[in-house]
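As provided, entry.cif (mmCIF, C-alpha atoms) reads as follows.
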```cif
data_run
#
loop_
_atom_site.label_atom_id
_atom_site.label_comp_id
_atom_site.auth_asym_id
_atom_site.auth_seq_id
_atom_site.Cartn_x
_atom_site.Cartn_y
_atom_site.Cartn_z
CA MET A 1 -45.17 -50.00 -49.24
CA LYS A 2 -42.95 -47.73 -51.27
CA MET A 3 -43.47 -47.14 -54.91
CA ASN A 4 -41.96 -44.81 -57.43
CA ARG A 5 -44.00 -43.01 -60.04
CA ARG A 6 -42.88 -45.14 -62.95
CA GLY A 7 -43.92 -48.25 -61.13
CA PHE A 8 -47.27 -46.77 -60.32
CA ILE A 9 -48.03 -45.88 -63.93
CA LYS A 10 -47.00 -49.36 -65.00
CA LEU A 11 -49.30 -50.92 -62.44
CA ALA A 12 -52.14 -48.64 -63.41
CA ALA A 13 -51.67 -49.41 -67.06
CA THR A 14 -51.62 -53.17 -66.58
CA GLY A 15 -54.65 -53.15 -64.36
CA THR A 16 -52.97 -54.90 -61.47
CA VAL A 17 -53.17 -51.90 -59.23
CA ALA A 18 -56.55 -52.83 -57.82
CA ALA A 19 -55.30 -56.24 -56.79
CA ALA A 20 -52.09 -54.82 -55.34
CA PHE A 21 -53.86 -52.28 -53.16
CA GLY A 22 -56.99 -54.25 -52.48
CA GLY A 23 -60.17 -52.62 -53.68
CA LEU A 24 -58.65 -49.43 -54.94
CA GLY A 25 -61.29 -46.89 -55.84
CA ILE A 26 -63.95 -48.32 -53.60
CA SER A 27 -64.81 -45.62 -51.16
CA LEU A 28 -63.21 -46.01 -47.78
CA ALA A 29 -65.15 -46.02 -44.56
CA PRO A 30 -66.47 -42.55 -43.81
CA VAL A 31 -63.68 -40.44 -42.47
CA ALA A 32 -64.24 -37.62 -40.04
CA VAL A 33 -63.28 -34.72 -42.22
CA HIS A 34 -64.69 -31.24 -42.31
CA ALA A 35 -67.06 -32.40 -39.61
CA GLU A 36 -67.28 -28.94 -38.11
CA GLY A 37 -70.39 -26.95 -38.98
CA LEU A 38 -70.54 -24.01 -41.31
CA ALA A 39 -68.54 -21.12 -39.87
CA ILE A 40 -71.46 -18.72 -40.29
CA ASP A 41 -74.18 -21.00 -38.90
CA LYS A 42 -74.68 -19.13 -35.62
CA ALA A 43 -73.66 -15.70 -36.84
CA THR A 44 -75.82 -12.58 -36.99
CA LEU A 45 -76.61 -11.60 -40.57
CA THR A 46 -76.96 -7.96 -41.62
CA THR A 47 -76.76 -6.10 -44.91
CA SER A 48 -74.43 -3.29 -45.91
CA VAL A 49 -73.02 -1.50 -48.95
CA CYS A 50 -69.45 -1.81 -50.17
CA CYS A 51 -67.49 1.32 -49.28
CA TYR A 52 -65.08 1.29 -52.16
CA CYS A 53 -66.33 2.59 -55.51
CA ALA A 54 -69.41 4.37 -56.84
CA VAL A 55 -70.98 1.10 -58.04
CA GLY A 56 -72.30 0.53 -54.50
CA CYS A 57 -72.51 -3.28 -54.36
CA GLY A 58 -74.72 -4.83 -51.69
CA LEU A 59 -73.07 -6.91 -48.97
CA LEU A 60 -74.10 -9.62 -46.54
CA VAL A 61 -72.18 -9.29 -43.28
CA TRP A 62 -71.98 -12.17 -40.80
CA THR A 63 -71.02 -11.18 -37.27
CA ASP A 64 -70.11 -13.27 -34.25
CA PRO A 65 -72.82 -12.43 -31.66
CA ALA A 66 -70.43 -13.11 -28.78
CA THR A 67 -67.62 -10.80 -29.86
CA GLY A 68 -69.43 -8.42 -32.22
CA ARG A 69 -66.65 -8.97 -34.75
CA THR A 70 -67.22 -9.67 -38.44
CA ILE A 71 -66.50 -13.25 -39.53
CA ASN A 72 -67.50 -13.21 -43.20
CA ILE A 73 -68.62 -10.74 -45.85
CA GLU A 74 -69.86 -11.58 -49.32
CA GLY A 75 -72.13 -10.18 -52.03
CA ASN A 76 -75.86 -9.88 -51.40
CA PRO A 77 -77.74 -11.91 -54.04
CA ASP A 78 -80.88 -9.79 -53.50
CA HIS A 79 -79.08 -6.53 -54.25
CA PRO A 80 -79.90 -5.25 -57.76
CA THR A 81 -76.44 -3.77 -58.38
CA ASN A 82 -74.28 -6.84 -57.96
CA GLU A 83 -76.67 -9.78 -57.49
CA GLY A 84 -74.30 -11.47 -55.06
CA THR A 85 -71.03 -10.85 -56.90
CA LEU A 86 -68.05 -8.81 -55.74
CA CYS A 87 -64.77 -7.68 -57.30
CA PRO A 88 -61.44 -8.47 -55.54
CA LYS A 89 -61.61 -5.34 -53.40
CA GLY A 90 -65.17 -6.15 -52.36
CA SER A 91 -64.25 -9.79 -51.81
CA SER A 92 -61.55 -8.77 -49.34
CA ILE A 93 -63.54 -6.01 -47.61
CA TRP A 94 -63.57 -8.11 -44.42
CA GLN A 95 -60.02 -6.87 -43.95
CA THR A 96 -61.09 -3.24 -43.59
CA THR A 97 -61.76 -4.07 -39.94
CA GLU A 98 -60.36 -7.56 -39.28
CA GLN A 99 -56.75 -6.95 -40.15
CA SER A 100 -53.88 -7.13 -37.72
CA GLN A 101 -51.77 -4.70 -39.79
CA ARG A 102 -54.48 -2.05 -39.79
CA ILE A 103 -53.26 1.25 -38.36
CA THR A 104 -55.45 2.31 -35.44
CA LYS A 105 -53.38 5.15 -33.97
CA VAL A 106 -52.21 8.48 -35.32
CA LEU A 107 -48.71 8.23 -36.77
CA TYR A 108 -46.75 11.43 -37.31
CA ARG A 109 -43.54 11.95 -39.26
CA ALA A 110 -41.97 15.33 -38.58
CA PRO A 111 -40.47 17.31 -41.48
CA GLY A 112 -37.05 15.85 -42.30
CA SER A 113 -37.51 12.92 -39.97
CA ASP A 114 -37.22 9.29 -41.02
CA LYS A 115 -39.29 7.97 -38.12
CA TRP A 116 -42.97 7.64 -37.34
CA GLU A 117 -44.08 8.83 -33.92
CA GLU A 118 -47.29 7.78 -32.24
CA LYS A 119 -49.49 10.78 -31.40
CA SER A 120 -52.92 11.30 -29.86
CA TRP A 121 -56.00 12.43 -31.76
CA ASP A 122 -56.15 15.45 -29.42
CA TRP A 123 -52.75 16.47 -30.69
CA ALA A 124 -53.39 15.69 -34.35
CA LEU A 125 -56.82 17.12 -35.11
CA PRO A 126 -56.27 20.73 -33.89
CA ARG A 127 -52.88 20.71 -35.64
CA ILE A 128 -54.41 19.63 -38.96
CA ALA A 129 -57.15 22.26 -38.59
CA ARG A 130 -54.60 24.98 -37.80
CA LYS A 131 -52.47 24.05 -40.86
CA ILE A 132 -55.47 24.04 -43.16
CA LYS A 133 -56.72 27.40 -41.90
CA ASP A 134 -53.30 29.07 -42.11
CA THR A 135 -52.58 27.71 -45.60
CA ARG A 136 -56.02 28.64 -46.85
CA ASP A 137 -55.84 32.19 -45.46
CA ALA A 138 -52.34 32.76 -46.86
CA SER A 139 -53.20 31.51 -50.34
CA PHE A 140 -56.83 32.56 -50.77
CA GLU A 141 -57.64 34.26 -54.10
CA ALA A 142 -60.92 36.21 -54.19
CA LEU A 143 -60.41 37.36 -57.80
CA ASN A 144 -58.38 35.99 -60.71
CA ASP A 145 -56.10 38.01 -63.04
CA LYS A 146 -59.11 39.18 -65.07
CA GLY A 147 -60.87 40.42 -61.94
CA GLN A 148 -63.42 37.62 -62.00
CA PRO A 149 -64.53 36.28 -58.58
CA VAL A 150 -63.05 32.79 -57.98
CA ASN A 151 -62.82 32.45 -54.16
CA ARG A 152 -60.28 29.67 -54.34
CA THR A 153 -57.03 28.30 -52.95
CA ARG A 154 -54.57 26.49 -55.15
CA ALA A 155 -52.21 25.72 -52.27
CA MET A 156 -54.06 22.60 -51.17
CA ALA A 157 -55.38 19.53 -52.94
CA SER A 158 -57.43 16.55 -51.88
CA VAL A 159 -56.68 13.07 -53.15
CA GLY A 160 -59.83 11.68 -51.55
CA SER A 161 -60.07 8.09 -50.53
CA ALA A 162 -61.37 4.94 -52.15
CA ALA A 163 -62.05 3.64 -48.65
CA ILE A 164 -64.78 6.14 -47.80
CA ASP A 165 -68.38 5.68 -48.84
CA ASN A 166 -70.60 7.79 -51.07
CA GLU A 167 -72.06 9.90 -48.27
CA GLU A 168 -68.69 10.47 -46.63
CA GLY A 169 -67.38 11.47 -50.06
CA TRP A 170 -70.13 14.06 -50.42
CA LEU A 171 -69.36 15.53 -46.98
CA LEU A 172 -65.64 15.64 -47.76
CA GLN A 173 -66.06 17.50 -51.06
CA ALA A 174 -68.59 19.90 -49.50
CA MET A 175 -66.02 20.81 -46.85
CA HIS A 176 -63.30 21.15 -49.49
CA ARG A 177 -65.41 23.44 -51.66
CA SER A 178 -66.35 25.60 -48.68
CA LEU A 179 -62.63 26.15 -48.09
CA GLY A 180 -62.10 27.05 -51.74
CA LEU A 181 -60.22 23.92 -52.84
CA VAL A 182 -60.35 23.31 -56.59
CA TYR A 183 -57.94 20.38 -56.86
CA LEU A 184 -60.24 17.48 -55.92
CA GLU A 185 -59.32 13.99 -57.00
CA SER A 186 -59.73 10.39 -55.92
CA HIS A 187 -56.58 8.42 -55.28
CA ALA A 188 -58.19 5.59 -57.23
CA ARG A 189 -57.43 7.56 -60.40
CA ILE A 190 -53.82 8.40 -59.63
CA MET B 1 -68.89 -42.41 -58.58
CA SER B 2 -70.60 -42.16 -61.94
CA GLU B 3 -69.18 -39.43 -64.09
CA ASN B 4 -72.61 -37.89 -64.59
CA LYS B 5 -73.38 -37.52 -60.87
CA GLY B 6 -72.12 -35.07 -58.29
CA LYS B 7 -71.11 -31.46 -58.71
CA THR B 8 -69.05 -29.68 -61.34
CA PHE B 9 -67.63 -26.24 -62.09
CA PHE B 10 -67.92 -24.63 -65.51
CA ILE B 11 -65.33 -21.88 -66.02
CA ASP B 12 -65.99 -19.85 -69.15
CA GLN B 13 -62.56 -18.30 -69.71
CA THR B 14 -63.83 -16.16 -72.58
CA ARG B 15 -65.52 -14.01 -69.94
CA CYS B 16 -62.68 -13.78 -67.41
CA THR B 17 -61.19 -10.29 -66.97
CA ALA B 18 -58.64 -11.52 -64.39
CA CYS B 19 -60.08 -9.29 -61.67
CA ARG B 20 -59.05 -11.98 -59.15
CA GLY B 21 -62.28 -11.66 -57.18
CA CYS B 22 -62.29 -15.47 -57.00
CA GLN B 23 -58.76 -15.53 -55.61
CA ALA B 24 -59.64 -12.97 -52.92
CA ALA B 25 -62.99 -14.61 -52.07
CA CYS B 26 -61.26 -17.99 -51.62
CA LYS B 27 -58.78 -16.48 -49.18
CA GLN B 28 -61.50 -14.56 -47.35
CA TRP B 29 -63.85 -17.51 -46.83
CA LYS B 30 -61.11 -19.91 -45.80
CA LYS B 31 -59.19 -17.26 -43.83
CA LEU B 32 -55.98 -18.16 -45.62
CA ALA B 33 -52.79 -16.24 -44.98
CA ALA B 34 -51.69 -13.52 -47.38
CA ASP B 35 -48.36 -13.47 -49.15
CA GLU B 36 -46.04 -10.51 -49.39
CA THR B 37 -46.14 -9.88 -53.12
CA VAL B 38 -43.34 -8.70 -55.38
CA ASN B 39 -43.38 -7.26 -58.89
CA THR B 40 -42.28 -10.03 -61.22
CA GLY B 41 -43.27 -8.15 -64.36
CA SER B 42 -46.72 -9.73 -64.37
CA TYR B 43 -49.94 -8.95 -62.57
CA GLN B 44 -49.98 -12.62 -61.55
CA ASN B 45 -49.51 -12.68 -57.81
CA PRO B 46 -48.50 -14.71 -55.94
CA PRO B 47 -46.46 -16.24 -58.76
CA ASP B 48 -47.69 -19.79 -58.05
CA LEU B 49 -50.15 -21.78 -56.01
CA ASN B 50 -48.87 -22.44 -52.49
CA GLY B 51 -49.89 -23.98 -49.19
CA HIS B 52 -52.36 -21.17 -48.53
CA THR B 53 -53.29 -20.12 -52.09
CA PHE B 54 -55.74 -22.62 -53.58
CA LYS B 55 -57.03 -20.40 -56.38
CA LEU B 56 -54.71 -18.44 -58.65
CA VAL B 57 -55.48 -16.38 -61.73
CA ARG B 58 -52.65 -16.93 -64.19
CA PHE B 59 -51.88 -14.12 -66.66
CA ASN B 60 -50.38 -14.93 -70.05
CA GLU B 61 -49.57 -12.74 -73.03
CA VAL B 62 -49.54 -14.92 -76.14
CA GLU B 63 -49.49 -14.49 -79.88
CA VAL B 64 -52.46 -16.03 -81.67
CA ASP B 65 -52.66 -15.64 -85.46
CA GLY B 66 -50.12 -12.84 -85.36
CA LYS B 67 -52.05 -10.86 -82.76
CA LEU B 68 -51.38 -10.25 -79.09
CA LYS B 69 -53.87 -11.96 -76.86
CA TRP B 70 -54.01 -11.72 -73.09
CA VAL B 71 -55.39 -14.97 -71.71
CA PHE B 72 -56.41 -15.58 -68.13
CA PHE B 73 -56.60 -18.89 -66.31
CA PRO B 74 -58.36 -19.03 -62.93
CA GLU B 75 -56.54 -22.16 -61.77
CA GLN B 76 -57.73 -24.56 -59.08
CA CYS B 77 -57.99 -28.27 -58.29
CA ARG B 78 -59.96 -30.06 -61.03
CA HIS B 79 -61.57 -32.58 -58.65
CA CYS B 80 -60.80 -35.46 -61.06
CA LEU B 81 -63.52 -38.05 -61.53
CA GLU B 82 -60.83 -40.65 -60.73
CA PRO B 83 -58.27 -38.65 -58.74
CA PRO B 84 -54.70 -39.94 -59.16
CA CYS B 85 -53.61 -38.11 -55.98
CA LYS B 86 -56.12 -40.16 -54.00
CA MET B 87 -55.05 -43.39 -55.70
CA MET B 88 -51.44 -42.61 -54.87
CA ALA B 89 -52.27 -41.62 -51.27
CA ASP B 90 -54.31 -44.80 -50.75
CA ALA B 91 -51.17 -46.80 -51.45
CA PHE B 92 -49.47 -45.23 -48.44
CA ILE B 93 -52.00 -43.74 -45.98
CA PRO B 94 -55.55 -44.88 -46.77
CA GLY B 95 -58.02 -42.14 -45.90
CA ALA B 96 -55.51 -39.29 -46.16
CA ILE B 97 -57.20 -38.18 -49.37
CA ILE B 98 -60.88 -38.96 -49.78
CA GLN B 99 -63.58 -38.36 -52.33
CA ASP B 100 -66.92 -37.01 -51.11
CA GLU B 101 -69.73 -39.34 -52.15
CA ALA B 102 -72.39 -36.72 -52.81
CA THR B 103 -70.37 -34.10 -54.67
CA GLY B 104 -67.29 -35.93 -55.96
CA ALA B 105 -65.09 -33.35 -54.20
CA VAL B 106 -61.53 -34.56 -53.61
CA LEU B 107 -60.70 -33.74 -49.98
CA TYR B 108 -57.35 -33.63 -48.21
CA THR B 109 -57.54 -34.64 -44.55
CA GLU B 110 -55.30 -34.16 -41.53
CA LYS B 111 -53.62 -37.42 -42.45
CA THR B 112 -51.99 -35.78 -45.49
CA LYS B 113 -49.31 -34.71 -43.01
CA GLU B 114 -48.04 -38.27 -43.17
CA LEU B 115 -47.84 -38.40 -46.97
CA ASP B 116 -44.75 -37.70 -49.04
CA TYR B 117 -45.34 -34.29 -50.61
CA GLN B 118 -43.46 -34.82 -53.86
CA THR B 119 -45.09 -38.20 -54.45
CA ILE B 120 -48.58 -36.72 -54.19
CA ARG B 121 -47.72 -33.59 -56.15
CA GLU B 122 -46.22 -35.63 -58.95
CA ALA B 123 -49.29 -37.84 -59.07
CA CYS B 124 -51.43 -34.84 -60.02
CA PRO B 125 -51.78 -34.38 -63.80
CA TYR B 126 -52.41 -30.67 -63.19
CA ASP B 127 -49.69 -29.96 -60.60
CA ILE B 128 -52.11 -28.69 -57.95
CA PRO B 129 -51.21 -30.08 -54.47
CA ARG B 130 -48.99 -27.93 -52.30
CA LYS B 131 -47.61 -28.26 -48.78
CA GLU B 132 -48.36 -25.72 -46.05
CA GLU B 133 -45.02 -25.48 -44.29
CA THR B 134 -46.45 -24.24 -40.98
CA THR B 135 -48.81 -27.20 -40.51
CA GLY B 136 -47.21 -29.89 -42.67
CA LEU B 137 -50.57 -30.46 -44.35
CA LEU B 138 -50.96 -31.01 -48.07
CA THR B 139 -53.49 -28.48 -49.29
CA LYS B 140 -55.61 -27.48 -52.26
CA CYS B 141 -59.15 -26.38 -53.15
CA ASN B 142 -61.81 -28.42 -51.32
CA MET B 143 -64.73 -27.26 -53.50
CA CYS B 144 -65.87 -25.22 -50.45
CA ILE B 145 -67.40 -28.49 -49.29
CA ASP B 146 -68.74 -26.81 -46.13
CA ARG B 147 -70.64 -24.23 -48.19
CA VAL B 148 -71.81 -26.72 -50.81
CA ARG B 149 -73.19 -29.05 -48.14
CA ALA B 150 -75.15 -26.08 -46.76
CA GLY B 151 -76.59 -25.38 -50.21
CA MET B 152 -74.31 -22.43 -50.92
CA LEU B 153 -72.09 -21.81 -53.93
CA PRO B 154 -68.31 -22.11 -53.58
CA ALA B 155 -66.87 -18.71 -52.58
CA CYS B 156 -65.09 -18.22 -55.93
CA VAL B 157 -68.24 -18.90 -57.95
CA LYS B 158 -70.44 -16.76 -55.74
CA THR B 159 -68.26 -13.67 -56.13
CA CYS B 160 -67.46 -13.85 -59.87
CA PRO B 161 -68.72 -10.51 -61.31
CA THR B 162 -68.33 -11.57 -64.97
CA TYR B 163 -70.13 -14.91 -64.63
CA THR B 164 -67.01 -16.76 -65.70
CA MET B 165 -67.46 -19.19 -62.81
CA HIS B 166 -70.43 -21.52 -62.62
CA PHE B 167 -71.21 -24.41 -60.29
CA GLY B 168 -73.95 -27.01 -60.05
CA ASP B 169 -74.98 -30.56 -60.82
CA ARG B 170 -72.63 -32.17 -63.31
CA ASP B 171 -75.20 -32.89 -66.02
CA GLU B 172 -76.44 -29.31 -65.87
CA MET B 173 -72.92 -27.87 -66.03
CA LEU B 174 -72.00 -30.14 -68.95
CA ALA B 175 -75.09 -28.95 -70.78
CA ILE B 176 -74.40 -25.22 -70.35
CA ALA B 177 -70.67 -25.74 -71.04
CA ARG B 178 -71.39 -27.51 -74.32
CA ALA B 179 -73.97 -24.91 -75.35
CA ARG B 180 -71.51 -22.10 -74.60
CA LEU B 181 -68.74 -23.97 -76.43
CA ALA B 182 -70.88 -24.20 -79.56
CA GLU B 183 -71.51 -20.46 -79.32
CA VAL B 184 -67.80 -19.61 -78.89
CA GLN B 185 -66.75 -21.97 -81.69
CA LYS B 186 -68.68 -19.83 -84.18
CA THR B 187 -65.99 -17.16 -83.83
CA SER B 188 -63.13 -19.22 -82.36
CA PRO B 189 -63.17 -22.65 -84.06
CA ALA B 190 -60.25 -23.90 -81.94
CA ALA B 191 -62.23 -23.49 -78.70
CA LEU B 192 -62.60 -26.59 -76.52
CA LEU B 193 -63.52 -27.85 -73.06
CA ALA B 194 -60.29 -29.03 -71.43
CA ASP B 195 -60.39 -32.69 -70.27
CA SER B 196 -64.15 -32.46 -69.71
CA ASP B 197 -64.44 -36.26 -69.59
CA LEU B 198 -61.92 -36.54 -66.75
CA VAL B 199 -62.51 -33.68 -64.34
CA ARG B 200 -65.13 -31.71 -62.41
CA VAL B 201 -63.82 -28.33 -63.51
CA LEU B 202 -64.75 -27.64 -67.12
CA TYR B 203 -62.43 -24.97 -68.51
CA LEU B 204 -63.65 -23.43 -71.75
CA CYS B 205 -60.47 -22.52 -73.65
CA GLU B 206 -60.94 -20.06 -76.49
CA VAL B 207 -57.40 -20.65 -77.78
CA HIS B 208 -55.11 -23.67 -77.55
CA PRO B 209 -54.90 -24.92 -73.95
CA SER B 210 -51.11 -24.57 -73.89
CA HIS B 211 -51.55 -20.78 -74.15
CA TYR B 212 -53.18 -20.76 -70.72
CA HIS B 213 -50.75 -22.95 -68.83
CA HIS B 214 -48.69 -26.03 -69.51
CA HIS B 215 -50.88 -27.96 -67.07
CA MET B 216 -54.21 -26.81 -68.49
CA VAL B 217 -54.77 -30.29 -69.88
CA ALA B 218 -53.23 -33.49 -68.60
CA ASP B 219 -51.20 -34.17 -71.74
CA ALA B 220 -50.08 -30.64 -72.62
CA GLY B 221 -46.65 -30.58 -74.20
CA GLY B 222 -43.69 -29.18 -72.33
CA ALA B 223 -45.02 -30.28 -68.99
CA THR B 224 -41.76 -31.83 -67.92
CA ASP B 225 -39.89 -28.66 -66.97
CA ARG B 226 -40.23 -29.17 -63.23
CA ILE B 227 -41.95 -32.39 -62.38
CA GLY B 228 -43.58 -35.06 -64.42
CA PRO B 229 -47.28 -35.46 -63.80
CA PHE B 230 -49.32 -38.31 -65.14
CA SER B 231 -50.02 -38.24 -68.83
CA ARG B 232 -53.56 -38.16 -70.11
CA ARG B 233 -53.10 -41.72 -71.28
CA ALA B 234 -52.17 -42.89 -67.80
CA LEU B 235 -55.10 -41.00 -66.34
CA LEU B 236 -57.49 -42.58 -68.81
CA ALA B 237 -55.97 -45.99 -68.20
CA MET B 238 -56.99 -45.82 -64.56
CA ARG B 239 -60.63 -45.17 -65.19
CA PRO B 240 -61.82 -48.74 -65.80
CA LEU B 241 -60.26 -49.83 -62.53
CA ARG B 242 -63.16 -48.34 -60.63
CA MET B 243 -65.52 -50.86 -62.15
CA GLY B 244 -63.40 -53.87 -61.19
#
```
Target encoding structure tokens, full file:
Amino acid sequence: MKMNRRGFIKLAATGTVAAAFGGLGISLAPVAVHAEGLAIDKATLTTSVCCYCAVGCGLLVWTDPATGRTINIEGNPDHPTNEGTLCPKGSSIWQTTEQSQRITKVLYRAPGSDKWEEKSWDWALPRIARKIKDTRDASFEALNDKGQPVNRTRAMASVGSAAIDNEEGWLLQAMHRSLGLVYLESHARI
Amino acid sequence: MSENKGKTFFIDQTRCTACRGCQAACKQWKKLAADETVNTGSYQNPPDLNGHTFKLVRFNEVEVDGKLKWVFFPEQCRHCLEPPCKMMADAFIPGAIIQDEATGAVLYTEKTKELDYQTIREACPYDIPRKEETTGLLTKCNMCIDRVRAGMLPACVKTCPTYTMHFGDRDEMLAIARARLAEVQKTSPAALLADSDLVRVLYLCEVHPSHYHHHMVADAGGATDRIGPFSRRALLAMRPLRMG
């Protein structure tokens, strides 16, 4: 049976629609829909803390026991900070690990190049350390113009990361300060 | 189903900061695909609901009494007490769209593949149904029926950090919505609950509903720019049919 919208409104308005369709509105026989169980029914439940900002919201993390992979993350109602709620970043935190576009290998772009090259960690880490050491040594200032001790380098800056947690953040800034960095910032504020 | 039974959302838009936690939580729970976003001059992204975006926070800058006001509308299916999409679908493929007895949730089944997309979309007074091109299914919010049946809150409600989103038994939601409305009306006399006698999603509008979206209420003016959904009068006219 085909019917255009105007016809339908007319039928509805005149009250003949029930007769035309036979018992319209009376619930149909139960239909097998959404019969599958809850996705997290058999999952392992653990707690965690959101890695993003300093608010430190509590998380509930459901993990598939067979694969060890996360299947759902949401706010922990028993956590005093957020009482079960999460902002959009927290709500999508599942994607920090379960995300096909996530970069899992070192990518290097040489000076002047327009291409990314895949490199190994064994190549990247010593190179980064070497660059930091050389830059720091070349730019280190023990005293400022007034002869006051400053022990700093102004040739390097850190723009931090909103994807590291509080403790990692502390370790990062401690390392930066030990090198003499004074330009410390979080990319969340840029 | 009696209009005082089942479940209902109360969405207090005076509290919404448009953080889009609800939009992200919906996608996360349902594992819906992401869209590549573009800058359209608004923070609203994606620009519209689609086959895999069932919850969308709409951003609007409007002038109210000579002052700029930024209003936010966390849009979703209203789960109509008497859903016109289901009535329309029943005329073609009975059982393609069903209404859950216990909650009143309007649910789209696998059989929606066989329905005519435009016919169903045009039947909706709020322009909610969309088609997922990859599967051919008609899609929209399902009230997180799997969670609700397990005693959990819908994902969008659970995550809301500003307590804009509420969910529970209909009589309880109506009570807190009306109490909050009375509170808001002290400072914003034009405040109202949009179509609260017709739907299971009670939107508290602080300013005129048309400022939020032209489909905020079923009879909002200017709703004919794309497609013509049912008018409020037509929607109301269908209600007595259930008793016959």
Produce a table with one row for each residue of chain B that has an atom at most 9 Å from any atom of chain A, each row naming the nearest atom pair and its distance in Å at one decimal; use only C-alpha atoms; arrange rows by chain and rising residue number; format as CSV.
```
residue,atom,partner,partner_atom,distance
B:Cys19,CA,A:Pro88,CA,6.3
B:Arg20,CA,A:Pro88,CA,5.6
B:Gly21,CA,A:Pro88,CA,3.7
B:Cys22,CA,A:Pro88,CA,7.2
B:Gln23,CA,A:Pro88,CA,7.6
B:Ala24,CA,A:Pro88,CA,5.5
B:Ala25,CA,A:Ser91,CA,5.0
B:Cys26,CA,A:Ser91,CA,8.7
B:Lys27,CA,A:Ser92,CA,8.2
B:Gln28,CA,A:Ser92,CA,6.1
B:Trp29,CA,A:Asn72,CA,6.7
B:Glu82,CA,A:Gly25,CA,7.9
B:Lys86,CA,A:Gly25,CA,8.7
B:Met87,CA,A:Leu24,CA,7.1
B:Met88,CA,A:Phe8,CA,8.0
B:Asp90,CA,A:Leu24,CA,7.6
B:Ala91,CA,A:Phe21,CA,6.3
B:Phe92,CA,A:Met1,CA,6.5
B:Pro94,CA,A:Leu28,CA,7.8
B:Gly95,CA,A:Leu28,CA,6.7
B:Ile98,CA,A:Leu28,CA,7.7
B:Gln99,CA,A:Ser27,CA,7.5
B:Asp100,CA,A:Ser27,CA,8.9
B:Glu101,CA,A:Ser27,CA,8.0
B:Leu107,CA,A:Val33,CA,8.2
B:Tyr108,CA,A:Val33,CA,8.5
B:Thr109,CA,A:Val33,CA,6.2
B:Glu110,CA,A:Val33,CA,8.0
B:Thr119,CA,A:Arg5,CA,7.5
B:Glu122,CA,A:Arg5,CA,7.8
B:Ala123,CA,A:Arg5,CA,7.5
B:Ile145,CA,A:His34,CA,8.0
B:Asp146,CA,A:Leu38,CA,5.9
B:Arg147,CA,A:Leu38,CA,6.9
B:Arg149,CA,A:Leu38,CA,8.9
B:Ala150,CA,A:Leu38,CA,7.4
B:Ala155,CA,A:Glu74,CA,8.4
B:Val157,CA,A:Thr85,CA,8.6
B:Lys158,CA,A:Thr85,CA,6.1
B:Thr159,CA,A:Thr85,CA,4.0
B:Cys160,CA,A:Thr85,CA,5.5
B:Pro161,CA,A:Thr85,CA,5.0
B:Thr162,CA,A:Thr85,CA,8.5
B:Tyr163,CA,A:Thr85,CA,8.8
B:Phe230,CA,A:Ile9,CA,7.8
B:Arg233,CA,A:Ala13,CA,8.9
B:Ala234,CA,A:Ile9,CA,6.4
B:Leu235,CA,A:Ala12,CA,8.7
B:Ala237,CA,A:Ala13,CA,5.6
B:Met238,CA,A:Ala12,CA,5.7
B:Pro240,CA,A:Gly15,CA,8.5
B:Leu241,CA,A:Ala18,CA,6.7
B:Arg242,CA,A:Gly25,CA,5.3
B:Met243,CA,A:Gly25,CA,8.6
B:Gly244,CA,A:Ala18,CA,7.7
```
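Between atom CA of Ile11 of chain B and atom CA of Tyr203 of chain B the interatomic distance comes to 4.9 Å.
Counting from atom CA of Ala163 of chain A, the distance to atom CA of Asn151 of chain A is 29.3 Å.
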> How far is it from atom CA of Cys144 of chain B to atom CA of Leu198 of chain B, in Å with one decimal?
Replying inline: 20.2 Å
> Using the chain letters and numbers from the file, which residues does the PyMOL selection byres ((chain B and resi 70) around 8) grab, as a ChimeraX atom specification?
Replying inline: /B:59-62,68-69,71-72
Set the distance at 9 Å and use only C-alpha atoms: which residues neighbour Cys53 of chain A once local chain neighbours fewer than 6 positions away are removed? I'd like the list as a PDB file with C-alpha atoms, in the coordinates of the input.
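Wrote it out as selection23.pdb, contents follow:
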```
ATOM      1  CA  ALA A 162     -61.370   4.940 -52.150  1.00  0.00           C
ATOM      2  CA  ALA A 163     -62.050   3.640 -48.650  1.00  0.00           C
ATOM      3  CA  ILE A 164     -64.780   6.140 -47.800  1.00  0.00           C
ATOM      4  CA  ASP A 165     -68.380   5.680 -48.840  1.00  0.00           C
ATOM      5  CA  ASN A 166     -70.600   7.790 -51.070  1.00  0.00           C
ATOM      6  CA  ALA A 188     -58.190   5.590 -57.230  1.00  0.00           C
TER       7      ALA A 188
END
```
> Can you tell me, as a PyMOL selection string, what residues are no more than 12 Å from segment 165-168 of chain B when counting all atoms listed in the file, ignoring any on the same chain fewer than 3 positions away?
Replying inline: (chain A and resi 85) or (chain B and resi 4-18+20-23+73-76+103-104+143-144+148+151-162+171-177+200-204)
Quick one: axis-aligned box around all listed atoms of segment 144-163 of chain A, 6 Å on every side, centre and edge lengths in Å to one decimal, written as JSON.
```
{"center_x": -58.4, "center_y": 22.0, "center_z": -56.9, "size_x": 24.3, "size_y": 48.8, "size_z": 28.4}
```
> Contacts of segment 99-111 of chain A at 12 Å or less, counting all atoms listed in the file, minus same-chain residues fewer than 2 places along, as an MDAnalysis selection string?
Replying inline: (chainID A and resid 69:71 92:97 113:125 127:128) or (chainID B and resid 28 31 33:34)
> If you apply the PyMOL selection byres ((chain B and resi 207) around 9) to this file, what residues do you get, as number ranges by chain?
Replying inline: B: 64, 71, 188-192, 205-206, 208-212
